[in-house]
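structure_15.txt (compact mmCIF, C-alpha atoms) appears below.
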```
# COMPACT_ATOMS: atom_id res chain seq x y z
CA MET A 1 124.95 100.42 66.80
CA LYS A 2 123.02 98.15 64.47
CA ILE A 3 120.02 99.93 62.97
CA ILE A 4 117.14 97.56 62.15
CA LYS A 5 114.36 98.89 59.92
CA ASN A 6 111.76 97.64 57.48
CA GLU A 7 111.21 94.46 59.49
CA SER A 8 107.90 93.21 60.89
CA LEU A 9 107.25 93.40 64.61
CA SER A 10 106.89 89.61 64.74
CA ALA A 11 110.31 89.11 63.16
CA ILE A 12 111.90 91.54 65.62
CA LYS A 13 110.18 89.83 68.56
CA THR A 14 111.60 86.49 67.45
CA GLN A 15 115.06 88.01 67.32
CA ILE A 16 114.61 89.47 70.81
CA ARG A 17 113.52 86.14 72.29
CA GLN A 18 116.62 84.52 70.85
CA GLN A 19 118.83 87.23 72.31
CA THR A 20 117.38 86.98 75.80
CA ALA A 21 117.17 83.20 76.14
CA GLN A 22 118.84 82.31 79.43
CA THR A 23 121.22 79.37 79.40
CA THR A 24 123.77 77.98 81.83
CA ASN A 25 127.16 76.91 80.55
CA PRO A 26 127.38 73.17 81.31
CA GLN A 27 131.01 73.46 82.40
CA VAL A 28 130.13 76.29 84.76
CA ALA A 29 127.29 74.21 86.22
CA ILE A 30 129.62 71.25 86.79
CA SER A 31 132.28 73.42 88.43
CA VAL A 32 129.69 75.06 90.66
CA ALA A 33 128.20 71.71 91.70
CA ASN A 34 131.67 70.52 92.72
CA ILE A 35 132.35 73.68 94.71
CA ILE A 36 129.02 73.46 96.54
CA SER A 37 129.63 69.81 97.42
CA ASP A 38 133.12 70.63 98.66
CA VAL A 39 131.92 73.50 100.87
CA ARG A 40 129.19 71.30 102.34
CA GLN A 41 131.76 68.64 103.21
CA ARG A 42 134.76 70.70 104.32
CA GLY A 43 133.17 73.98 105.42
CA ASP A 44 135.64 76.73 106.34
CA GLU A 45 138.61 74.68 105.14
CA ALA A 46 137.17 74.66 101.62
CA LEU A 47 136.45 78.38 101.79
CA ARG A 48 140.08 79.09 102.70
CA ASP A 49 141.34 76.98 99.81
CA TYR A 50 139.05 78.72 97.31
CA SER A 51 140.03 82.14 98.64
CA VAL A 52 143.66 81.41 97.77
CA ARG A 53 142.82 79.71 94.48
CA PHE A 54 140.32 82.20 93.07
CA ASP A 55 141.03 85.47 94.89
CA GLY A 56 144.73 85.20 95.67
CA VAL A 57 144.10 85.97 99.34
CA ALA A 58 145.00 83.75 102.31
CA LEU A 59 142.55 84.25 105.17
CA ASN A 60 142.43 82.84 108.67
CA ASN A 61 139.25 84.67 109.61
CA PHE A 62 136.49 85.44 107.11
CA LYS A 63 134.49 87.74 109.33
CA VAL A 64 135.22 91.46 109.05
CA SER A 65 135.67 93.02 112.49
CA GLU A 66 134.01 96.23 113.62
CA SER A 67 137.43 97.86 114.01
CA ASP A 68 138.33 96.95 110.42
CA ILE A 69 135.02 98.38 109.22
CA ASP A 70 135.55 101.63 111.13
CA SER A 71 139.13 101.94 109.87
CA ALA A 72 137.97 101.48 106.28
CA ILE A 73 135.14 103.99 106.63
CA ALA A 74 137.63 106.59 107.84
CA GLN A 75 139.22 106.40 104.37
CA VAL A 76 135.99 107.29 102.54
CA PRO A 77 135.67 110.95 101.51
CA ASP A 78 133.02 112.92 103.40
CA ARG A 79 131.28 113.71 100.11
CA VAL A 80 130.79 110.00 99.41
CA ILE A 81 129.53 109.32 102.94
CA ALA A 82 127.02 112.14 102.55
CA ALA A 83 125.85 110.78 99.19
CA LEU A 84 125.47 107.27 100.63
CA LYS A 85 123.42 108.60 103.53
CA LYS A 86 121.20 110.62 101.19
CA ALA A 87 120.69 107.57 98.99
CA ALA A 88 119.91 105.44 102.05
CA ALA A 89 117.29 107.95 103.20
CA ASN A 90 115.62 107.93 99.76
CA ILE A 91 115.72 104.14 99.47
CA THR A 92 114.24 103.87 102.97
CA SER A 93 111.40 106.31 102.33
CA PHE A 94 110.51 104.55 99.06
CA HIS A 95 110.58 101.00 100.40
CA GLN A 96 108.68 101.85 103.58
CA LEU A 97 105.67 102.24 101.31
CA GLU A 98 105.91 98.54 100.39
CA VAL A 99 105.45 97.12 103.87
CA ALA A 100 102.65 94.56 103.81
CA GLN A 101 100.19 94.33 106.68
CA SER A 102 98.75 91.25 108.31
CA PHE A 103 95.00 90.97 107.94
CA GLU A 104 92.08 89.17 109.53
CA ASP A 105 88.59 88.53 108.23
CA THR A 106 85.67 87.85 110.59
CA ALA A 107 82.84 88.69 108.23
CA ARG A 108 81.16 85.29 108.65
CA SER A 109 79.86 84.12 112.02
CA GLY A 110 82.03 81.43 113.59
CA VAL A 111 84.91 81.72 111.12
CA ILE A 112 88.18 83.62 111.45
CA ARG A 113 90.50 83.80 108.43
CA GLY A 114 93.75 85.66 108.33
CA THR A 115 97.30 86.09 107.13
CA LYS A 116 100.22 86.89 109.39
CA VAL A 117 103.09 88.72 107.70
CA THR A 118 106.43 87.92 109.29
CA PRO A 119 110.04 88.64 108.30
CA LEU A 120 112.61 86.04 107.30
CA SER A 121 115.05 85.29 110.13
CA ALA A 122 118.33 85.55 108.21
CA VAL A 123 119.21 86.83 104.76
CA GLY A 124 122.47 86.71 102.82
CA ILE A 125 123.33 89.46 100.38
CA TYR A 126 126.02 88.99 97.75
CA VAL A 127 128.05 92.05 96.75
CA PRO A 128 130.33 91.63 93.71
CA GLY A 129 133.95 92.64 93.99
CA GLY A 130 135.33 92.07 90.51
CA THR A 131 135.85 94.73 87.86
CA ALA A 132 133.91 97.26 89.95
CA ALA A 133 132.71 97.59 93.53
CA TYR A 134 129.11 98.51 94.14
CA PRO A 135 128.32 100.17 97.47
CA SER A 136 124.96 101.12 95.95
CA SER A 137 124.05 97.41 95.73
CA VAL A 138 124.66 97.06 99.46
CA LEU A 139 122.04 99.73 100.15
CA MET A 140 119.56 98.27 97.65
CA ASN A 141 119.77 94.78 99.16
CA ALA A 142 120.08 95.53 102.85
CA ILE A 143 117.65 98.41 103.39
CA PRO A 144 114.48 96.57 102.24
CA ALA A 145 115.55 93.60 104.39
CA LYS A 146 116.03 95.87 107.39
CA ILE A 147 112.62 97.49 106.83
CA ALA A 148 111.04 94.02 106.59
CA GLY A 149 112.43 93.22 110.05
CA VAL A 150 115.08 90.61 109.20
CA ASP A 151 117.07 89.81 112.36
CA ASN A 152 120.39 88.89 110.75
CA ILE A 153 121.55 90.45 107.48
CA VAL A 154 124.73 88.70 106.37
CA MET A 155 126.85 90.26 103.63
CA VAL A 156 129.42 88.33 101.62
CA THR A 157 131.86 89.90 99.19
CA PRO A 158 135.04 88.57 97.55
CA PRO A 159 138.29 89.27 99.43
CA GLN A 160 140.72 91.61 97.73
CA PRO A 161 144.54 91.52 98.03
CA GLU A 162 144.51 95.22 98.92
CA GLY A 163 141.57 94.88 101.32
CA LEU A 164 137.83 95.34 100.91
CA ASN A 165 136.53 98.47 99.25
CA PRO A 166 136.03 101.06 102.01
CA ALA A 167 132.91 102.52 100.39
CA VAL A 168 131.30 99.07 100.32
CA LEU A 169 131.94 98.70 104.06
CA ALA A 170 130.62 102.20 104.69
CA ALA A 171 127.43 101.38 102.81
CA ALA A 172 127.04 98.19 104.85
CA LYS A 173 127.24 100.11 108.11
CA ILE A 174 124.83 102.80 106.93
CA ALA A 175 122.35 100.16 105.74
CA GLY A 176 122.47 98.19 108.99
CA VAL A 177 124.20 95.00 107.81
CA ASP A 178 124.77 92.77 110.85
CA ASN A 179 127.70 90.60 109.75
CA ILE A 180 130.20 90.81 106.88
CA TYR A 181 132.31 87.95 105.52
CA GLN A 182 135.12 88.05 102.97
CA ILE A 183 133.95 85.24 100.69
CA GLY A 184 133.13 85.36 97.00
CA GLY A 185 131.95 83.27 94.10
CA ALA A 186 130.00 80.03 94.17
CA GLN A 187 131.68 79.11 97.46
CA ALA A 188 130.05 82.12 99.15
CA ILE A 189 126.62 81.06 97.91
CA ALA A 190 127.22 77.51 99.18
CA ALA A 191 128.32 78.81 102.58
CA LEU A 192 125.18 80.93 102.93
CA ALA A 193 122.89 78.11 101.79
CA TYR A 194 124.30 75.34 103.99
CA GLY A 195 126.31 77.13 106.67
CA THR A 196 129.87 76.45 107.81
CA GLU A 197 131.70 76.62 111.13
CA THR A 198 131.91 80.41 110.67
CA VAL A 199 129.21 81.44 108.22
CA PRO A 200 125.59 81.15 109.37
CA GLN A 201 122.96 79.46 107.22
CA VAL A 202 120.39 81.91 105.85
CA ASP A 203 116.85 81.65 104.54
CA LYS A 204 117.32 83.67 101.35
CA ILE A 205 120.16 84.91 99.15
CA THR A 206 119.92 88.11 97.14
CA GLY A 207 122.22 90.21 95.00
CA PRO A 208 123.87 90.00 91.58
CA GLY A 209 127.06 88.21 90.62
CA ASN A 210 128.99 86.62 87.78
CA ALA A 211 128.04 83.45 85.89
CA TYR A 212 129.35 81.23 88.71
CA VAL A 213 127.35 83.09 91.35
CA ALA A 214 124.21 82.90 89.19
CA ALA A 215 124.69 79.16 88.62
CA ALA A 216 125.25 78.61 92.34
CA LYS A 217 122.07 80.49 93.23
CA ARG A 218 120.18 78.35 90.76
CA ALA A 219 121.70 75.19 92.28
CA VAL A 220 120.87 75.99 95.92
CA TYR A 221 117.35 77.20 95.24
CA GLY A 222 115.04 75.00 97.27
CA GLN A 223 117.54 74.73 100.09
CA VAL A 224 117.12 78.50 100.38
CA ASP A 225 115.10 81.07 98.49
CA ILE A 226 116.78 83.43 96.02
CA ASP A 227 115.74 86.76 94.58
CA MET A 228 116.37 86.01 90.89
CA ILE A 229 118.98 84.75 88.43
CA ALA A 230 120.52 88.04 87.39
CA GLY A 231 121.92 88.36 83.89
CA PRO A 232 123.87 91.16 82.20
CA SER A 233 122.61 94.73 82.61
CA GLU A 234 120.24 96.08 79.99
CA ILE A 235 118.47 99.28 79.03
CA GLY A 236 115.66 99.95 76.61
CA ILE A 237 114.79 103.46 75.50
CA LEU A 238 111.64 104.74 73.75
CA ALA A 239 112.40 108.10 72.19
CA ASP A 240 110.91 110.59 69.76
CA ASP A 241 112.08 113.87 68.25
CA THR A 242 111.81 115.65 71.61
CA ALA A 243 114.78 113.61 72.89
CA ARG A 244 118.39 114.74 72.44
CA ALA A 245 120.53 112.18 70.62
CA GLU A 246 123.43 112.92 72.97
CA ASP A 247 121.30 112.16 76.05
CA VAL A 248 119.97 108.93 74.57
CA ALA A 249 123.49 107.81 73.64
CA ALA A 250 124.82 108.61 77.11
CA ASP A 251 122.05 106.59 78.74
CA LEU A 252 122.64 103.62 76.44
CA LEU A 253 126.31 103.66 77.38
CA SER A 254 125.50 103.95 81.10
CA GLN A 255 124.48 100.30 80.99
CA ALA A 256 126.82 99.12 78.24
CA GLU A 257 129.81 99.97 80.43
CA HIS A 258 128.71 97.42 83.05
CA ASP A 259 129.49 94.25 81.14
CA VAL A 260 130.64 93.05 77.72
CA ASN A 261 127.33 91.18 77.46
CA ALA A 262 125.14 94.14 78.46
CA ARG A 263 122.24 95.04 76.17
CA ALA A 264 121.39 98.53 74.95
CA ILE A 265 118.27 99.02 72.82
CA LEU A 266 116.66 102.10 71.34
CA ILE A 267 113.22 101.87 69.74
CA THR A 268 112.04 104.90 67.85
CA ALA A 269 109.71 106.06 65.11
CA SER A 270 111.64 109.29 64.56
CA ASN A 271 114.78 110.40 62.73
CA LEU A 272 116.92 109.82 65.82
CA ALA A 273 118.45 106.53 64.72
CA THR A 274 121.51 107.78 62.83
CA ALA A 275 122.15 110.67 65.21
CA VAL A 276 122.12 108.36 68.25
CA SER A 277 124.38 105.81 66.57
CA THR A 278 126.86 108.58 65.74
CA ALA A 279 126.70 110.01 69.27
CA VAL A 280 127.38 106.58 70.76
CA GLU A 281 130.55 106.25 68.70
CA GLN A 282 131.70 109.73 69.67
CA GLN A 283 131.10 109.19 73.38
CA LEU A 284 132.77 105.78 73.38
CA GLU A 285 136.07 107.41 72.42
CA THR A 286 136.37 109.17 75.79
CA LEU A 287 134.68 106.62 78.05
CA PRO A 288 137.13 105.15 80.60
CA ARG A 289 135.50 101.70 80.28
CA GLU A 290 135.48 101.95 76.48
CA ALA A 291 136.63 98.38 75.87
CA ILE A 292 133.77 96.90 77.90
CA ALA A 293 131.13 99.29 76.55
CA ARG A 294 132.25 98.90 72.93
CA SER A 295 132.07 95.11 73.18
CA ALA A 296 128.54 95.37 74.57
CA ILE A 297 127.44 97.82 71.87
CA ASP A 298 128.98 95.75 69.09
CA LYS A 299 127.35 92.57 70.34
CA ASN A 300 124.04 93.72 71.80
CA GLY A 301 123.48 97.32 70.73
CA TYR A 302 120.37 97.72 68.55
CA ILE A 303 118.28 100.58 67.22
CA TYR A 304 114.86 99.47 65.98
CA LEU A 305 113.08 101.87 63.65
CA VAL A 306 109.31 101.29 63.54
CA ASP A 307 106.27 103.18 62.30
CA THR A 308 104.32 104.44 65.32
CA ILE A 309 104.55 104.99 69.05
CA ASP A 310 102.11 102.12 69.57
CA ASP A 311 104.51 99.87 67.64
CA MET A 312 107.36 101.15 69.79
CA ILE A 313 105.53 100.26 73.01
CA GLU A 314 104.41 96.86 71.75
CA LEU A 315 107.97 95.98 70.84
CA MET A 316 109.41 97.25 74.13
CA ASN A 317 106.89 95.18 76.07
CA ALA A 318 108.32 92.19 74.20
CA VAL A 319 111.84 93.23 75.18
CA ALA A 320 110.74 93.50 78.87
CA PRO A 321 113.90 95.46 79.73
CA GLU A 322 115.55 95.70 83.10
CA HIS A 323 115.60 99.49 82.77
CA LEU A 324 113.15 101.35 80.53
CA GLU A 325 113.46 105.03 79.70
CA ILE A 326 110.54 106.79 78.06
CA GLN A 327 111.94 109.88 76.38
CA LEU A 328 108.71 110.86 74.64
CA ALA A 329 106.67 114.05 74.80
CA ASN A 330 104.29 113.71 77.76
CA ALA A 331 106.15 110.59 78.86
CA TYR A 332 104.02 109.98 81.96
CA ASP A 333 100.94 109.47 79.80
CA TYR A 334 102.44 106.27 78.35
CA MET A 335 103.04 104.58 81.69
CA ALA A 336 99.64 102.89 81.58
CA LYS A 337 100.66 101.03 78.40
CA ILE A 338 103.85 99.58 79.87
CA GLN A 339 103.32 95.95 80.84
CA ASN A 340 106.84 94.56 81.12
CA ALA A 341 109.79 96.40 82.64
CA GLY A 342 111.90 96.21 85.77
CA SER A 343 112.02 99.94 86.46
CA VAL A 344 110.70 102.81 84.34
CA PHE A 345 112.24 106.28 83.98
CA LEU A 346 109.84 108.91 82.66
CA GLY A 347 110.92 111.96 80.70
CA LYS A 348 114.23 113.33 79.46
CA TYR A 349 115.48 114.28 82.93
CA ALA A 350 114.89 110.89 84.60
CA SER A 351 118.22 109.40 83.51
CA GLU A 352 118.70 105.76 84.52
CA PRO A 353 121.64 106.36 86.93
CA LEU A 354 119.21 108.18 89.23
CA GLY A 355 117.65 104.79 89.88
CA ASP A 356 121.03 103.08 90.19
CA TYR A 357 122.18 105.32 92.99
CA LEU A 358 119.95 107.82 94.68
CA ALA A 359 116.27 108.28 93.91
CA GLY A 360 114.87 105.41 95.99
CA PRO A 361 113.46 102.69 93.68
CA ASN A 362 115.51 99.51 93.81
CA HIS A 363 118.17 98.70 91.23
CA ILE A 364 118.09 94.92 91.81
CA LEU A 365 115.90 94.19 88.80
CA PRO A 366 114.77 91.33 86.56
CA THR A 367 116.91 90.87 83.44
CA GLY A 368 116.83 88.81 80.27
CA GLY A 369 113.14 89.38 79.63
CA THR A 370 112.11 88.03 83.03
CA ALA A 371 110.32 91.32 83.76
CA ARG A 372 107.44 89.57 82.00
CA PHE A 373 106.81 87.70 85.25
CA SER A 374 109.03 89.11 87.99
CA SER A 375 109.64 92.39 89.77
CA ALA A 376 112.22 94.63 91.38
CA LEU A 377 113.61 93.62 94.76
CA GLY A 378 111.49 94.98 97.57
CA VAL A 379 110.44 94.60 101.18
CA TRP A 380 108.07 91.80 100.13
CA ASP A 381 111.09 89.68 99.16
CA PHE A 382 112.15 89.53 102.81
CA GLN A 383 108.77 88.66 104.29
CA LYS A 384 106.67 85.54 104.28
CA ARG A 385 102.96 85.11 104.85
CA ILE A 386 101.41 82.55 107.19
CA GLN A 387 97.72 81.87 106.69
CA TYR A 388 95.48 80.85 109.58
CA LEU A 389 91.90 79.69 109.98
CA GLN A 390 89.51 79.11 112.87
CA TYR A 391 86.00 77.54 112.75
CA ASN A 392 83.47 76.97 115.49
CA ALA A 393 81.16 73.94 115.55
CA ALA A 394 78.23 75.66 113.88
CA ALA A 395 80.32 76.98 111.03
CA LEU A 396 81.87 73.55 110.46
CA ALA A 397 78.44 71.90 110.38
CA GLU A 398 77.35 74.40 107.72
CA ASP A 399 80.30 73.59 105.44
CA ALA A 400 80.87 69.91 106.21
CA ASN A 401 78.79 68.36 103.43
CA ASP A 402 80.41 70.54 100.76
CA VAL A 403 83.90 69.67 101.94
CA THR A 404 83.23 65.93 102.07
CA ALA A 405 81.61 66.02 98.60
CA LEU A 406 84.70 67.67 97.13
CA ALA A 407 87.05 65.33 98.99
CA ARG A 408 85.29 62.21 97.72
CA ILE A 409 85.10 63.45 94.12
CA GLU A 410 88.92 63.67 94.33
CA GLY A 411 89.14 60.19 95.83
CA LEU A 412 90.49 61.39 99.19
CA GLU A 413 88.34 59.53 101.70
CA GLY A 414 90.66 60.42 104.58
CA HIS A 415 89.93 64.09 104.03
CA ALA A 416 86.20 63.47 104.17
CA ARG A 417 86.45 61.36 107.33
CA ALA A 418 88.53 64.04 109.06
CA ILE A 419 85.61 66.44 108.61
CA GLU A 420 82.94 63.89 109.56
CA SER A 421 84.87 62.98 112.73
CA ARG A 422 84.01 66.40 114.16
CA GLY A 423 80.28 65.76 113.74
CA LYS A 424 80.22 62.60 115.85
```
Can you give me the file's structure in the form of structure tokens?
Amino acid sequence: MKIIKNESLSAIKTQIRQQTAQTTNPQVAISVANIISDVRQRGDEALRDYSVRFDGVALNNFKVSESDIDSAIAQVPDRVIAALKKAAANITSFHQLEVAQSFEDTARSGVIRGTKVTPLSAVGIYVPGGTAAYPSSVLMNAIPAKIAGVDNIVMVTPPQPEGLNPAVLAAAKIAGVDNIYQIGGAQAIAALAYGTETVPQVDKITGPGNAYVAAAKRAVYGQVDIDMIAGPSEIGILADDTARAEDVAADLLSQAEHDVNARAILITASNLATAVSTAVEQQLETLPREAIARSAIDKNGYIYLVDTIDDMIELMNAVAPEHLEIQLANAYDYMAKIQNAGSVFLGKYASEPLGDYLAGPNHILPTGGTARFSSALGVWDFQKRIQYLQYNAAALAEDANDVTALARIEGLEGHARAIESRGK
């Protein structure tokens, strides 16, 4: 890993901003726009063509039947089913705490103000099917939607020549997914956004994907809502001399193995830097996904050596990492100083994979520094709020002059007359 020392915090922050700048490849954007247009025009016919072209699978029916789901689940080891159910229980108990309540205010005579919280009607969740299958992502997307009360949870995932991953289908059933379709890539996003003869149109699309999926989500935003534009995985670690170099290295690699563009950052004020860099190299040698992880470490693996813990925290807030581990003595005490992070893991035993799989907090998280202004996926992402207001005549008379004064100062005479009409 690259060890950066004796540089000012401002210089490092500039470097970080350059590293995390999100861009869309123009050629990818053009290809995606063409695919979306084609799916809108030809519907299922276009989806079949793209399935053969991109996935090497010829399909007559995109929808996965209940019998196919049950047959696939029968192939999943009991130990995996048990782990999925335990994870689902933890994710459910965590996200149930997020449920927003409608409210109504009647504090003033003659006026009722309120907000009605209601679920989205239909949601599409995208589950990647490329270099790795992620049943955990099914749970993380579907369970908050189910808790929110979404009527139709539609899952799309790329078809595979050997059939869909059984564990992914098992996770879908455990999480309560209503319908599953074998469609991937930008064409799947287009189908969810606009609907086809087979695939229903949804109100929101969530879930990570490759560059084409991300570009497609960006393109259909406005037609539907989306959760976020997910970039490569990333981890930031704050560590002092109480941390073990081997643990820090293992956690850095836990994210580096996701993607060749993943980011792994350690910020420390201790003597850990060299020991962690050495441990990373040693552990890479036996990692099954060494080629992917090594590319990520070579490209985006940094160790920043600064003077104090306050400097460490200031710099990490600038990074705004997707995953943040605080491996400091009395780690919990530093939580109040963390302003920007997707999900935080406190102490040497809270290794990041706990959040990826089992503990309950969501692993669909903001990347690329967007934790400065966005949050983890939650129940609130699958609900909308409808405001309402009621006045009686006396309350309107009390407020009428103020409303008309504000309307006329903005040059909106029609607004003022609408209020005055009630006083005639």
Smallest atom-to-atom distance to A:Met316: which of A:Leu266, A:Leu84, A:Ala74, A:Ala170, using all atoms listed in the file?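 Closest to A:Met316 of all the choices is A:Leu266.
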Nearest to A:Arg53: which of A:Gly185, A:Pro353, A:Pro166, A:Gly411 is it, counting all atoms listed in the file? A:Gly185
Quick check, in Å to one decimal: how far apart do atom CA of A:Leu164 and atom CA of A:Tyr126 lie?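 Here the two named atoms are 13.8 Å from each other.
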Can I get the residues of stretch 318-419 of chain A within 9 Å of stretch 94-100 of chain A, each with the closest pair of atoms and their distance in Å to one decimal, using only C-alpha atoms, sorted chain first then ascending number, as a Markdown table?
```
| residue | atom | partner | partner_atom | distance |
| --- | --- | --- | --- | --- |
| A:Ala359 | CA | A:Phe94 | CA | 8.6 |
| A:Gly360 | CA | A:Phe94 | CA | 5.4 |
| A:Pro361 | CA | A:Phe94 | CA | 6.4 |
| A:Asn362 | CA | A:His95 | CA | 8.4 |
| A:Gly378 | CA | A:His95 | CA | 6.7 |
| A:Val379 | CA | A:Glu98 | CA | 6.1 |
| A:Trp380 | CA | A:Val99 | CA | 7.0 |
| A:Gln383 | CA | A:Ala100 | CA | 8.5 |
```
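Note that atom CA of A:Asn340 and atom CA of A:Val224 are 27.1 Å apart.
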Smallest atom-to-atom distance to A:His258: which of A:Gln19, A:Asn6, A:Ser233, A:Thr206, using all atoms listed in the file?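 When distances to A:His258 are compared using all atoms listed in the file, the smallest one comes from A:Ser233.
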Complete the atoms of stretch 30-37 of chain A to all heavy atoms and put them out as a PDB file, in the coordinates of the input.
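Contents of result24.pdb, freshly written:
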```
ATOM      1  N   ILE A  30     128.871  72.364  86.200  1.00  0.00           N
ATOM      2  CA  ILE A  30     129.620  71.250  86.790  1.00  0.00           C
ATOM      3  C   ILE A  30     130.612  71.773  87.830  1.00  0.00           C
ATOM      4  O   ILE A  30     130.719  71.228  88.946  1.00  0.00           O
ATOM      5  CB  ILE A  30     130.363  70.461  85.696  1.00  0.00           C
ATOM      6  CG1 ILE A  30     129.357  69.714  84.811  1.00  0.00           C
ATOM      7  CG2 ILE A  30     131.357  69.483  86.320  1.00  0.00           C
ATOM      8  CD1 ILE A  30     129.980  69.105  83.559  1.00  0.00           C
ATOM      9  N   SER A  31     131.322  72.836  87.479  1.00  0.00           N
ATOM     10  CA  SER A  31     132.280  73.420  88.430  1.00  0.00           C
ATOM     11  C   SER A  31     131.587  73.895  89.696  1.00  0.00           C
ATOM     12  O   SER A  31     132.075  73.662  90.813  1.00  0.00           O
ATOM     13  CB  SER A  31     133.024  74.594  87.772  1.00  0.00           C
ATOM     14  OG  SER A  31     133.805  74.160  86.680  1.00  0.00           O
ATOM     15  N   VAL A  32     130.439  74.545  89.518  1.00  0.00           N
ATOM     16  CA  VAL A  32     129.690  75.060  90.660  1.00  0.00           C
ATOM     17  C   VAL A  32     129.191  73.922  91.543  1.00  0.00           C
ATOM     18  O   VAL A  32     129.263  73.988  92.774  1.00  0.00           O
ATOM     19  CB  VAL A  32     128.519  75.939  90.173  1.00  0.00           C
ATOM     20  CG1 VAL A  32     127.500  76.172  91.268  1.00  0.00           C
ATOM     21  CG2 VAL A  32     129.053  77.269  89.651  1.00  0.00           C
ATOM     22  N   ALA A  33     128.681  72.851  90.929  1.00  0.00           N
ATOM     23  CA  ALA A  33     128.200  71.710  91.700  1.00  0.00           C
ATOM     24  C   ALA A  33     129.325  71.111  92.552  1.00  0.00           C
ATOM     25  O   ALA A  33     129.118  70.735  93.717  1.00  0.00           O
ATOM     26  CB  ALA A  33     127.623  70.655  90.774  1.00  0.00           C
ATOM     27  N   ASN A  34     130.525  71.049  91.982  1.00  0.00           N
ATOM     28  CA  ASN A  34     131.670  70.520  92.720  1.00  0.00           C
ATOM     29  C   ASN A  34     132.047  71.432  93.887  1.00  0.00           C
ATOM     30  O   ASN A  34     132.381  70.958  94.981  1.00  0.00           O
ATOM     31  CB  ASN A  34     132.862  70.336  91.787  1.00  0.00           C
ATOM     32  CG  ASN A  34     132.659  69.199  90.798  1.00  0.00           C
ATOM     33  OD1 ASN A  34     131.895  68.274  91.059  1.00  0.00           O
ATOM     34  ND2 ASN A  34     133.329  69.277  89.658  1.00  0.00           N
ATOM     35  N   ILE A  35     132.007  72.731  93.651  1.00  0.00           N
ATOM     36  CA  ILE A  35     132.350  73.680  94.710  1.00  0.00           C
ATOM     37  C   ILE A  35     131.339  73.597  95.849  1.00  0.00           C
ATOM     38  O   ILE A  35     131.709  73.575  97.037  1.00  0.00           O
ATOM     39  CB  ILE A  35     132.392  75.122  94.134  1.00  0.00           C
ATOM     40  CG1 ILE A  35     133.605  75.279  93.212  1.00  0.00           C
ATOM     41  CG2 ILE A  35     132.443  76.159  95.265  1.00  0.00           C
ATOM     42  CD1 ILE A  35     133.614  76.575  92.417  1.00  0.00           C
ATOM     43  N   ILE A  36     130.056  73.547  95.507  1.00  0.00           N
ATOM     44  CA  ILE A  36     129.020  73.460  96.540  1.00  0.00           C
ATOM     45  C   ILE A  36     129.191  72.194  97.371  1.00  0.00           C
ATOM     46  O   ILE A  36     129.125  72.225  98.608  1.00  0.00           O
ATOM     47  CB  ILE A  36     127.618  73.502  95.893  1.00  0.00           C
ATOM     48  CG1 ILE A  36     127.358  74.891  95.294  1.00  0.00           C
ATOM     49  CG2 ILE A  36     126.535  73.165  96.920  1.00  0.00           C
ATOM     50  CD1 ILE A  36     126.088  74.982  94.479  1.00  0.00           C
ATOM     51  N   SER A  37     129.426  71.077  96.701  1.00  0.00           N
ATOM     52  CA  SER A  37     129.630  69.810  97.420  1.00  0.00           C
ATOM     53  C   SER A  37     130.834  69.896  98.350  1.00  0.00           C
ATOM     54  O   SER A  37     130.792  69.417  99.496  1.00  0.00           O
ATOM     55  CB  SER A  37     129.807  68.679  96.406  1.00  0.00           C
ATOM     56  OG  SER A  37     130.077  67.462  97.051  1.00  0.00           O
TER      57      SER A  37
END
```
